[in-house]
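Below is coords-v6.csv, holding CSV, C-alpha atoms.
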chain,number,residue,atom,x,y,z
A,87,MET,CA,0.0,0.0,0.0
A,88,ASP,CA,1.2,3.5,-0.7
A,89,GLU,CA,3.1,4.9,2.3
A,90,GLN,CA,2.1,8.4,1.4
A,91,GLU,CA,-1.6,7.5,1.5
A,92,ASN,CA,-1.2,6.0,5.0
A,93,THR,CA,0.4,9.1,6.4
A,94,GLN,CA,-1.9,11.6,4.7
A,95,ALA,CA,-3.4,14.0,7.3
A,96,ARG,CA,-7.2,13.8,7.5
A,97,GLU,CA,-9.1,17.0,7.4
A,98,THR,CA,-10.1,18.3,10.8
A,99,VAL,CA,-12.7,20.8,11.9
A,100,ARG,CA,-12.7,23.1,14.9
A,101,LEU,CA,-15.9,23.4,16.7
A,102,ARG,CA,-16.8,25.8,19.5
A,103,HIS,CA,-19.6,25.8,22.0
A,104,PRO,CA,-21.2,29.3,21.9
A,105,HIS,CA,-22.0,29.3,25.7
A,106,THR,CA,-19.1,27.5,27.4
A,107,GLY,CA,-16.5,28.5,24.9
A,108,ASP,CA,-15.1,25.0,24.8
A,109,ILE,CA,-13.2,24.2,21.6
A,110,GLN,CA,-12.9,20.7,20.1
A,111,GLU,CA,-10.9,19.7,17.0
A,112,VAL,CA,-12.2,16.6,15.4
A,113,GLU,CA,-12.0,14.7,12.2
A,114,ALA,CA,-14.3,15.9,9.5
A,115,THR,CA,-16.5,12.9,9.5
A,116,PRO,CA,-20.2,12.7,10.4
A,117,GLU,CA,-19.4,10.2,13.1
A,118,LYS,CA,-17.2,12.7,14.9
A,119,LEU,CA,-19.1,15.9,14.1
A,120,VAL,CA,-22.7,15.0,14.7
A,121,PRO,CA,-22.5,14.2,18.5
A,122,LEU,CA,-20.8,17.6,19.1
A,123,MET,CA,-23.0,19.5,16.8
A,124,GLY,CA,-26.0,18.0,18.5
A,125,LEU,CA,-24.8,19.5,21.8
A,126,GLY,CA,-24.7,22.9,20.1
A,127,TYR,CA,-21.1,23.1,19.0
A,128,VAL,CA,-20.7,25.2,15.8
A,129,GLN,CA,-18.0,25.4,13.3
A,130,ILE,CA,-15.2,28.0,13.8
A,131,LYS,CA,-14.8,29.8,10.5
A,132,GLU,CA,-11.1,30.0,9.7
A,133,VAL,CA,-10.3,33.5,8.3
A,134,THR,CA,-7.8,33.2,5.4
A,135,GLU,CA,-6.9,36.7,4.2
B,599,MET,CA,-48.8,42.7,-22.2
B,600,PRO,CA,-49.2,39.8,-19.8
B,601,ALA,CA,-46.3,37.6,-18.5
B,602,ARG,CA,-46.1,33.9,-18.5
B,603,VAL,CA,-45.4,32.2,-15.1
B,604,GLN,CA,-42.4,30.4,-16.7
B,605,GLN,CA,-40.7,33.9,-16.7
B,606,LEU,CA,-40.4,33.7,-13.0
B,607,ILE,CA,-36.8,34.2,-11.9
B,608,MET,CA,-36.3,32.9,-8.3
B,609,GLY,CA,-33.2,33.4,-6.2
B,610,LEU,CA,-32.8,31.7,-2.9
B,611,GLY,CA,-30.4,33.2,-0.5
B,612,LYS,CA,-27.2,31.2,-0.4
B,613,GLY,CA,-25.4,32.8,2.5
B,614,LYS,CA,-27.3,33.2,5.7
B,615,GLN,CA,-28.4,36.7,6.7
B,616,THR,CA,-26.4,38.3,9.6
B,617,ASN,CA,-29.8,39.0,11.3
B,618,ILE,CA,-33.5,38.8,10.5
B,619,SER,CA,-33.7,42.3,9.0
B,620,THR,CA,-30.5,42.5,6.9
B,621,ALA,CA,-30.8,41.1,3.5
B,622,GLY,CA,-28.4,38.5,2.2
B,623,SER,CA,-26.2,39.3,-0.8
B,624,THR,CA,-25.6,35.9,-2.5
B,625,PHE,CA,-28.3,33.9,-4.3
B,626,LEU,CA,-28.8,30.5,-5.9
B,627,ARG,CA,-31.2,30.5,-8.9
B,628,PHE,CA,-33.3,27.4,-9.1
B,629,LYS,CA,-36.2,26.1,-11.2
B,630,LYS,CA,-39.2,24.7,-9.5
B,631,LEU,CA,-42.4,22.7,-10.3
B,632,ASP,CA,-45.2,24.6,-8.6
B,633,THR,CA,-46.6,27.8,-10.1
B,634,GLY,CA,-47.1,29.5,-6.8
B,635,LEU,CA,-46.0,33.1,-6.8
B,636,THR,CA,-45.3,34.6,-3.4
B,637,THR,CA,-47.5,37.5,-2.4
B,638,PRO,CA,-46.7,40.0,0.4
B,639,LYS,CA,-50.1,40.0,2.2
B,640,PRO,CA,-50.9,43.0,4.3
B,641,VAL,CA,-53.5,42.0,6.8
B,642,PHE,CA,-56.1,44.5,8.0
B,643,GLU,CA,-58.5,44.3,10.9
B,644,ASN,CA,-61.9,46.0,10.9
B,645,ASP,CA,-64.5,47.0,13.5
B,646,ALA,CA,-67.5,44.9,12.2
B,647,ALA,CA,-67.8,43.0,15.4
B,648,GLU,CA,-67.5,46.0,17.7
B,649,ILE,CA,-70.7,47.3,19.4
B,650,GLY,CA,-71.8,50.9,19.7
B,651,LYS,CA,-71.9,51.7,16.0
B,652,GLY,CA,-75.6,51.2,15.6
B,653,HIS,CA,-75.1,48.5,13.0
B,654,GLU,CA,-73.0,45.4,12.3
B,655,PHE,CA,-71.1,46.7,9.3
B,656,ILE,CA,-67.5,47.9,8.9
B,657,THR,CA,-66.9,51.6,9.4
B,658,GLN,CA,-63.1,51.5,9.8
B,659,THR,CA,-60.1,49.3,9.0
B,660,PHE,CA,-56.9,49.1,10.9
B,661,PRO,CA,-53.4,47.9,9.7
B,662,SER,CA,-52.4,44.7,11.5
B,663,HIS,CA,-49.4,42.8,10.1
B,664,TYR,CA,-47.7,41.2,7.0
B,665,GLU,CA,-48.0,37.5,6.2
B,666,ILE,CA,-45.6,36.1,3.7
B,667,ALA,CA,-45.2,32.4,3.0
B,668,ASN,CA,-44.9,30.0,0.1
B,669,ARG,CA,-44.0,26.5,-1.0
B,670,LEU,CA,-41.1,25.2,-3.2
B,671,ASP,CA,-41.8,22.0,-5.0
B,672,LYS,CA,-38.8,20.6,-6.8
B,673,TYR,CA,-37.1,17.5,-8.2
B,674,ALA,CA,-34.5,16.6,-5.6
B,675,SER,CA,-31.2,17.8,-6.7
B,676,ALA,CA,-28.1,17.6,-4.4
B,677,GLU,CA,-27.9,21.4,-4.5
B,678,PHE,CA,-31.5,22.1,-3.5
B,679,VAL,CA,-31.8,19.4,-0.9
B,680,THR,CA,-28.5,20.6,0.7
B,681,TRP,CA,-29.9,24.2,0.8
B,682,ALA,CA,-33.2,23.1,2.2
B,683,VAL,CA,-31.9,20.8,4.9
B,684,ALA,CA,-29.2,23.4,5.9
B,685,TYR,CA,-31.8,26.1,6.6
B,686,ALA,CA,-34.3,23.7,8.1
B,687,PHE,CA,-31.9,22.1,10.6
B,688,GLY,CA,-29.8,25.2,11.2
B,689,ASN,CA,-26.4,23.8,12.5
B,690,ILE,CA,-24.1,23.4,9.5
B,691,THR,CA,-20.5,22.4,9.2
B,692,GLN,CA,-19.0,22.7,5.7
B,693,THR,CA,-15.7,20.9,4.9
B,694,GLY,CA,-13.6,20.5,1.8
B,695,SER,CA,-11.4,23.2,0.3
B,696,VAL,CA,-12.5,22.3,-3.3
B,697,ALA,CA,-15.7,20.8,-4.7
B,698,PRO,CA,-17.4,18.6,-3.8
B,699,TYR,CA,-18.0,20.3,-0.5
B,700,THR,CA,-19.4,18.2,2.4
B,701,TYR,CA,-22.1,19.6,4.6
B,702,THR,CA,-22.8,17.9,7.9
B,703,ILE,CA,-26.1,19.2,9.2
B,704,THR,CA,-27.9,18.7,12.5
B,705,PRO,CA,-30.9,20.4,14.0
B,706,ILE,CA,-30.0,23.4,16.2
B,707,ASN,CA,-29.7,22.7,19.9
B,708,PRO,CA,-32.4,24.8,21.7
B,709,GLY,CA,-30.1,25.2,24.7
B,710,VAL,CA,-28.0,27.4,22.4
B,711,THR,CA,-30.5,29.2,20.2
B,712,LEU,CA,-34.1,29.0,19.1
B,713,GLU,CA,-33.6,30.8,15.9
B,714,LEU,CA,-32.7,29.2,12.6
B,715,PRO,CA,-30.4,30.9,10.1
B,716,TYR,CA,-32.4,33.4,8.0
B,717,PHE,CA,-32.3,33.7,4.3
B,718,SER,CA,-33.5,36.1,1.7
B,719,LEU,CA,-35.6,35.1,-1.3
B,720,VAL,CA,-36.1,37.1,-4.5
B,721,GLU,CA,-38.8,36.7,-7.2
B,722,GLN,CA,-38.9,38.6,-10.5
B,723,VAL,CA,-41.2,38.4,-13.4
B,724,ALA,CA,-40.3,40.5,-16.4
B,725,GLU,CA,-43.2,42.2,-18.3
B,726,GLY,CA,-43.4,45.0,-20.9
B,727,GLY,CA,-39.8,46.1,-20.4
B,728,GLY,CA,-40.2,46.2,-16.7
B,729,ASN,CA,-41.1,43.8,-13.9
B,730,ALA,CA,-44.6,42.7,-13.0
B,731,ILE,CA,-43.1,41.3,-9.9
B,732,ASP,CA,-39.8,42.2,-8.3
B,733,ASN,CA,-39.8,41.5,-4.6
B,734,LEU,CA,-37.0,40.7,-2.2
B,735,TYR,CA,-38.3,38.9,0.9
B,736,VAL,CA,-36.0,39.5,3.8
B,737,GLY,CA,-35.7,37.3,7.0
B,738,CYS,CA,-37.2,34.0,5.8
B,739,ALA,CA,-37.0,30.7,7.6
B,740,ILE,CA,-38.0,27.1,6.6
B,741,GLU,CA,-41.1,25.8,8.3
B,742,ASP,CA,-40.8,22.2,7.0
B,743,PHE,CA,-39.4,20.0,4.3
B,744,THR,CA,-40.5,16.7,2.9
B,745,TYR,CA,-38.2,14.5,0.8
B,746,GLN,CA,-40.3,12.0,-1.2
B,747,PHE,CA,-39.3,8.9,-3.2
B,748,ASN,CA,-41.4,6.7,-5.3
B,749,TYR,CA,-41.0,3.8,-7.7
B,750,GLY,CA,-41.3,4.7,-11.3
B,751,PRO,CA,-39.0,6.4,-13.9
B,752,GLY,CA,-37.5,9.8,-14.1
B,753,ARG,CA,-36.9,12.8,-11.8
B,754,ALA,CA,-40.4,12.4,-10.3
B,755,SER,CA,-39.1,9.4,-8.4
B,756,SER,CA,-37.3,11.8,-6.1
B,757,LYS,CA,-38.7,15.1,-5.0
B,758,MET,CA,-38.3,17.7,-2.3
B,759,THR,CA,-41.0,20.1,-1.0
B,760,VAL,CA,-40.2,23.0,1.2
B,761,ASN,CA,-42.6,25.4,3.0
B,762,TRP,CA,-41.0,28.7,4.1
B,763,VAL,CA,-42.2,31.7,6.0
B,764,GLY,CA,-41.2,35.3,5.8
B,765,SER,CA,-40.7,37.9,8.5
B,766,GLY,CA,-42.9,40.3,6.5
B,767,LEU,CA,-40.0,42.5,5.4
B,768,VAL,CA,-40.1,43.0,1.6
B,769,THR,CA,-38.1,45.3,-0.6
B,770,THR,CA,-39.7,46.4,-3.9
B,771,PRO,CA,-38.0,46.7,-6.4
B,772,SER,CA,-35.5,44.1,-5.1
B,773,GLY,CA,-32.4,45.7,-6.6
B,774,ILE,CA,-31.0,42.2,-7.0
B,775,THR,CA,-29.3,40.8,-10.1
B,776,VAL,CA,-30.1,37.1,-9.8
B,777,PRO,CA,-27.3,34.9,-11.1
B,778,ALA,CA,-27.6,32.3,-13.9
B,779,LEU,CA,-29.5,29.1,-13.1
B,780,ALA,CA,-27.6,26.8,-10.8
B,781,THR,CA,-26.5,23.5,-12.3
B,782,GLU,CA,-28.5,21.0,-10.5
B,783,ASN,CA,-27.6,17.3,-10.1
B,784,ASN,CA,-30.8,15.4,-9.7
B,785,MET,CA,-30.8,12.3,-7.5
B,786,LEU,CA,-33.0,9.6,-8.9
B,787,ALA,CA,-34.6,7.1,-6.5
B,788,ALA,CA,-32.9,4.4,-8.5
B,789,SER,CA,-29.6,5.5,-6.8
B,790,MET,CA,-31.1,4.9,-3.3
B,791,SER,CA,-29.7,2.9,-0.5
B,792,LEU,CA,-32.0,2.3,2.5
B,793,SER,CA,-31.2,0.5,5.6
B,794,VAL,CA,-33.7,0.5,8.5
B,795,ASN,CA,-33.1,-1.4,11.8
B,796,GLY,CA,-30.6,-3.6,10.1
B,797,VAL,CA,-32.7,-4.5,7.1
B,798,ASP,CA,-31.4,-3.5,3.6
B,799,TYR,CA,-34.6,-2.7,1.8
B,800,VAL,CA,-32.9,-2.1,-1.6
B,801,ALA,CA,-30.9,-5.4,-1.7
B,802,THR,CA,-34.1,-7.3,-1.2
B,803,LYS,CA,-35.9,-5.2,-3.9
B,804,ARG,CA,-38.8,-4.6,-1.5
B,805,ILE,CA,-38.8,-0.8,-1.1
B,806,LEU,CA,-41.5,1.0,-3.1
B,807,SER,CA,-42.0,4.6,-1.8
B,808,GLY,CA,-41.6,6.7,1.3
B,809,SER,CA,-40.7,10.1,2.7
B,810,VAL,CA,-38.4,11.8,5.2
B,811,GLY,CA,-39.6,15.0,6.7
B,812,TRP,CA,-38.9,17.7,9.3
B,813,LYS,CA,-41.2,20.3,10.7
B,814,ASN,CA,-40.0,23.3,12.8
B,815,ASN,CA,-43.5,24.4,13.9
B,816,LEU,CA,-42.2,28.0,14.0
B,817,LEU,CA,-43.7,30.2,16.7
B,818,LEU,CA,-45.0,32.8,14.2
B,819,ASN,CA,-47.3,34.8,16.5
B,820,ALA,CA,-44.4,35.3,19.0
B,821,GLY,CA,-42.5,37.0,16.2
B,822,PHE,CA,-44.8,40.0,16.6
B,823,TYR,CA,-43.4,41.1,19.9
B,824,PRO,CA,-43.5,44.6,21.3
B,825,GLY,CA,-40.9,46.5,19.3
B,826,SER,CA,-40.7,43.9,16.5
B,827,GLY,CA,-41.0,46.6,13.9
B,828,LEU,CA,-43.3,48.1,11.3
B,829,GLN,CA,-43.4,48.3,7.6
B,830,ASN,CA,-46.0,50.6,6.0
B,831,GLY,CA,-47.6,50.8,9.4
B,832,LEU,CA,-48.1,47.0,9.6
B,833,GLN,CA,-46.3,44.8,12.0
B,834,VAL,CA,-43.4,42.6,10.9
B,835,ARG,CA,-41.8,39.7,12.8
B,836,GLY,CA,-38.6,40.5,14.6
B,837,ARG,CA,-37.8,36.8,15.2
B,838,MET,CA,-39.0,33.3,14.2
B,839,GLU,CA,-38.3,30.7,16.8
B,840,ILE,CA,-38.6,27.0,16.5
B,841,GLY,CA,-41.5,25.3,18.3
B,842,ALA,CA,-41.8,21.6,19.1
B,843,ARG,CA,-40.0,20.1,16.1
B,844,VAL,CA,-41.1,16.9,14.5
B,845,PRO,CA,-39.0,14.5,12.4
B,846,SER,CA,-40.9,12.0,10.3
B,847,PHE,CA,-40.1,8.9,8.3
B,848,GLN,CA,-42.5,6.6,6.4
B,849,PHE,CA,-41.9,3.9,3.8
B,850,THR,CA,-43.9,1.3,1.9
B,851,ALA,CA,-42.2,-2.0,1.0
B,852,ARG,CA,-43.4,-5.2,-0.5
B,853,LEU,CA,-44.5,-7.7,2.2
B,854,LEU,CA,-42.8,-11.1,2.1
B,855,ALA,CA,-43.0,-14.2,4.3
B,856,GLY,CA,-40.8,-13.4,7.2
B,857,SER,CA,-40.9,-9.7,6.7
B,858,PRO,CA,-39.8,-8.2,10.1
B,859,GLU,CA,-41.8,-5.0,10.2
B,860,TYR,CA,-44.6,-6.4,12.5
B,861,ASN,CA,-42.2,-7.9,14.9
B,862,THR,CA,-40.1,-4.7,15.0
B,863,LEU,CA,-43.3,-2.8,15.8
B,864,VAL,CA,-44.5,-5.2,18.5
B,865,ASN,CA,-41.1,-5.6,20.2
B,866,GLN,CA,-40.4,-1.8,19.8
B,867,THR,CA,-37.0,-2.7,18.5
B,868,THR,CA,-34.8,0.3,17.7
B,869,GLY,CA,-32.0,0.7,15.3
B,870,THR,CA,-30.4,3.1,12.8
B,871,ALA,CA,-32.3,4.2,9.7
B,872,THR,CA,-30.2,5.6,6.9
B,873,LEU,CA,-31.5,6.7,3.5
B,874,SER,CA,-29.0,7.9,0.9
B,875,VAL,CA,-29.5,9.1,-2.7
B,876,GLN,CA,-27.0,10.4,-5.1
B,877,HIS,CA,-26.4,11.8,-8.6
B,878,ASP,CA,-22.8,10.6,-8.6
B,879,ALA,CA,-19.9,10.4,-6.1
B,880,ASN,CA,-19.7,14.2,-5.9
B,881,ASN,CA,-23.4,14.9,-5.4
B,882,SER,CA,-25.3,13.0,-2.8
B,883,VAL,CA,-27.5,13.3,0.3
B,884,SER,CA,-27.8,10.9,3.2
B,885,PHE,CA,-30.3,11.2,6.0
B,886,THR,CA,-29.6,9.4,9.3
B,887,PHE,CA,-32.0,8.6,12.1
B,888,PRO,CA,-29.7,7.2,14.8
B,889,GLN,CA,-32.5,5.6,16.8
B,890,MET,CA,-35.6,4.5,14.9
B,891,ALA,CA,-38.6,2.6,16.3
B,892,PHE,CA,-41.8,1.8,14.4
B,893,GLN,CA,-45.1,3.4,15.3
B,894,VAL,CA,-47.4,1.9,12.8
B,895,ALA,CA,-47.1,-1.1,10.4
B,896,GLU,CA,-50.1,-1.3,8.2
B,897,ASN,CA,-50.7,-3.9,5.4
B,898,ALA,CA,-51.3,-2.3,2.1
B,899,GLU,CA,-51.1,-2.9,-1.7
B,900,ALA,CA,-49.4,-1.2,-4.5
B,901,ASP,CA,-50.2,-2.1,-8.1
B,902,GLY,CA,-51.9,-5.2,-6.8
B,903,ILE,CA,-48.9,-6.4,-4.9
B,904,VAL,CA,-49.2,-6.9,-1.1
B,905,ALA,CA,-47.1,-4.4,0.8
B,906,VAL,CA,-46.6,-2.9,4.2
B,907,THR,CA,-46.6,0.8,5.1
B,908,VAL,CA,-44.4,1.7,8.1
B,909,THR,CA,-44.6,4.9,10.0
B,910,GLY,CA,-41.4,5.4,11.9
B,911,ALA,CA,-41.0,6.9,15.4
B,912,PRO,CA,-37.6,8.6,15.3
B,913,GLN,CA,-36.2,8.8,18.8
B,914,TYR,CA,-33.6,11.1,20.3
B,915,SER,CA,-30.2,9.4,20.6
B,916,ASN,CA,-28.3,10.1,23.8
B,917,SER,CA,-25.1,8.9,22.1
B,918,GLN,CA,-25.5,11.1,19.0
B,919,ASN,CA,-27.2,14.0,20.8
B,920,THR,CA,-29.7,14.3,18.0
B,921,VAL,CA,-32.8,12.8,16.5
B,922,MET,CA,-31.7,13.2,12.9
B,923,SER,CA,-28.8,14.4,10.8
B,924,ALA,CA,-27.9,14.8,7.2
B,925,THR,CA,-24.7,14.6,5.2
B,926,CYS,CA,-24.7,16.3,1.8
B,927,LEU,CA,-22.2,16.6,-1.0
B,928,CYS,CA,-22.5,19.1,-3.7
B,929,GLY,CA,-20.4,21.6,-5.7
B,930,VAL,CA,-21.8,24.7,-4.2
B,931,THR,CA,-19.9,26.3,-1.4
B,932,GLY,CA,-21.2,28.7,1.2
B,933,ILE,CA,-24.7,27.4,1.7
B,934,ALA,CA,-26.1,28.9,4.9
B,935,GLN,CA,-22.6,30.0,5.9
What's the structure tokens form of this structure?
Amino acid sequence: MDEQENTQARETVRLRHPHTGDIQEVEATPEKLVPLMGLGYVQIKEVTE
Amino acid sequence: MPARVQQLIMGLGKGKQTNISTAGSTFLRFKKLDTGLTTPKPVFENDAAEIGKGHEFITQTFPSHYEIANRLDKYASAEFVTWAVAYAFGNITQTGSVAPYTYTITPINPGVTLELPYFSLVEQVAEGGGNAIDNLYVGCAIEDFTYQFNYGPGRASSKMTVNWVGSGLVTTPSGITVPALATENNMLAASMSLSVNGVDYVATKRILSGSVGWKNNLLLNAGFYPGSGLQNGLQVRGRMEIGARVPSFQFTARLLAGSPEYNTLVNQTTGTATLSVQHDANNSVSFTFPQMAFQVAENAEADGIVAVTVTGAPQYSNSQNTVMSATCLCGVTGIAQ
């Protein structure tokens, strides 16, 4: 198997809870995102100027 | 010179508004199936029922409020379903730096907010060198959506209906230049995969039709609060909050010996229900109910074939912290962002 494929970084997403301010960085998969989004965590928009 | 209804140019707000009263600036232009044109309806009260006038007739009218609402009936494209689910659920995570973009969407948590993202909607109908209709509806929210699938050929096998409500704010003329029609990637029911409580209804060729729905039951009267605002002397809504939301799931499948639906109902077995449709690998929608029980399983027939119609009872999952979620892939970036 391609070594490069194995080491390729998976996309992650930063989520923040609007009330507690807690920040979580998780893999960009529904399995990881949905439980946090269900609790009210929202995506942090990365500003790339 | 009259205008034909096919001349309707409709733009749905792509990016969410910053608040209910500030119009969005980006739009997606879609076709639709229904011929319903939106009307800004000013509502007036009168004094017919009041006593002391000497008669039962109207002597005076009073401005009350604006009512704006309409329906969008469309073939289910990845782009439109993504738009509808994003604004109907309200909590959206968009990932991917190039197309296709992935939208993971869950219903908003009422412990955080009761307000969905608001969008703008523009309708224009050209006539006689001008516009017979040119309205920008500001501060709109989705009341409900229904995704329907059926056996049979063509785009009609997979449709999406949305009911939306406006705050009452309308700008005429709109001042909006609506972009070219969005390229839509329709998702035929023939592409479907459906798994309910461990049963693959596509592999067994049993599934016939069904629907997935979501209703926000928006608290529309509460939007007219003291200080909510006026337009032409009529009240407009300053907020539209979610009420008691209702997810729904129903399907009809051919009934075979050993079909598990009745036992699943009687035993109140729960499991995951996942319905996915796609145009191709880059354009797809997947609805997931993490914990589905059955509420009704009724024997039926379709084209003379014995079938069973199941009404699901989606349950809140304490592990997923939601009752329902959706994952959508499409080539449009910035929906409800």
Return the neighbours of chain B among the residues of chain A, cut-off 12 Å, counting only C-alpha atoms, as a PyMOL selection string.
-> chain A and resi 96-107+112-132+134
Which residue out of B:Phe678, B:Phe887, B:Phe849, B:Tyr735 has the minimum interatomic distance to Gly773 in chain B when only C-alpha atoms are used?
->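 Selected residue with least distance to Gly773 in chain B: B:Tyr735.
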When you look at Ala682 in chain B with a cut-off of 8 Å (counting only C-alpha atoms), what residues show up, excluding the ones that are within fewer than 2 positions of it in the same chain? I need them as a PDB file with C-alpha atoms, in the frame of the given file.
ATOM      1  CA  PHE B 678     -31.500  22.100  -3.500  1.00  0.00           C
ATOM      2  CA  VAL B 679     -31.800  19.400  -0.900  1.00  0.00           C
ATOM      3  CA  THR B 680     -28.500  20.600   0.700  1.00  0.00           C
ATOM      4  CA  ALA B 684     -29.200  23.400   5.900  1.00  0.00           C
ATOM      5  CA  TYR B 685     -31.800  26.100   6.600  1.00  0.00           C
ATOM      6  CA  ALA B 686     -34.300  23.700   8.100  1.00  0.00           C
ATOM      7  CA  ILE B 740     -38.000  27.100   6.600  1.00  0.00           C
ATOM      8  CA  PHE B 743     -39.400  20.000   4.300  1.00  0.00           C
ATOM      9  CA  VAL B 760     -40.200  23.000   1.200  1.00  0.00           C
TER      10      VAL B 760
END
Which residues come within 12 Å of Lys757 in chain B, counting all atoms listed in the file, excluding same-chain residues fewer than 5 positions away, as a list of chain:residue names?
-> B:Lys630, B:Leu631, B:Leu670, B:Asp671, B:Lys672, B:Tyr673, B:Ala674, B:Ser675, B:Ala676, B:Phe678, B:Val679, B:Phe743, B:Thr744, B:Tyr745, B:Gln746, B:Phe747, B:Asn748, B:Tyr749, B:Gly752, B:Asn784, B:Met785, B:Leu786, B:Ala787, B:Ser807, B:Gly808, B:Ser809, B:Val810, B:Gly811, B:Val875
Shell of 12 Å around Gln605 in chain B, all atoms listed in the file, local chain residues under 2 positions omitted, as a PyMOL selection string | chain B and resi 600-603+607-608+629-630+633+635+721-725+729-732
Go ahead and dump the residues you just picked, C-alpha atoms, as a JSON list (two decimals), in the frame of the given file.
[["chain", "number", "residue", "atom", "x", "y", "z"],
["B", 600, "PRO", "CA", -49.20, 39.80, -19.80],
["B", 601, "ALA", "CA", -46.30, 37.60, -18.50],
["B", 602, "ARG", "CA", -46.10, 33.90, -18.50],
["B", 603, "VAL", "CA", -45.40, 32.20, -15.10],
["B", 607, "ILE", "CA", -36.80, 34.20, -11.90],
["B", 608, "MET", "CA", -36.30, 32.90, -8.30],
["B", 629, "LYS", "CA", -36.20, 26.10, -11.20],
["B", 630, "LYS", "CA", -39.20, 24.70, -9.50],
["B", 633, "THR", "CA", -46.60, 27.80, -10.10],
["B", 635, "LEU", "CA", -46.00, 33.10, -6.80],
["B", 721, "GLU", "CA", -38.80, 36.70, -7.20],
["B", 722, "GLN", "CA", -38.90, 38.60, -10.50],
["B", 723, "VAL", "CA", -41.20, 38.40, -13.40],
["B", 724, "ALA", "CA", -40.30, 40.50, -16.40],
["B", 725, "GLU", "CA", -43.20, 42.20, -18.30],
["B", 729, "ASN", "CA", -41.10, 43.80, -13.90],
["B", 730, "ALA", "CA", -44.60, 42.70, -13.00],
["B", 731, "ILE", "CA", -43.10, 41.30, -9.90],
["B", 732, "ASP", "CA", -39.80, 42.20, -8.30]]
Please provide the set of residues having any atom within 8 Å of Thr907 in chain B, restricted to all atoms listed in the file, with same-chain residues fewer than 6 positions apart removed, written as a list of chain:residue names.
->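 Within the cut-off, the hits are B:Gln848, B:Phe849, B:Thr850, B:Ala851, B:Val894, B:Ala895, B:Glu896, B:Asn897, B:Ala898.
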CA of Ser874 in chain B to CA of Ser791 in chain B, distance in Å rounded to a single decimal =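 For CA of Ser874 in chain B relative to CA of Ser791 in chain B, the distance reads 5.2 Å.
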CA of Ser846 in chain B and CA of Lys813 in chain B are how many Å apart?
->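 Straight-line distance from CA of Ser846 in chain B to CA of Lys813 in chain B works out to 8.3 Å.
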d(CA of Ser756 in chain B, CA of Ala788 in chain B) in Å |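 According to the coordinates, CA of Ser756 in chain B and CA of Ala788 in chain B are separated by 8.9 Å.
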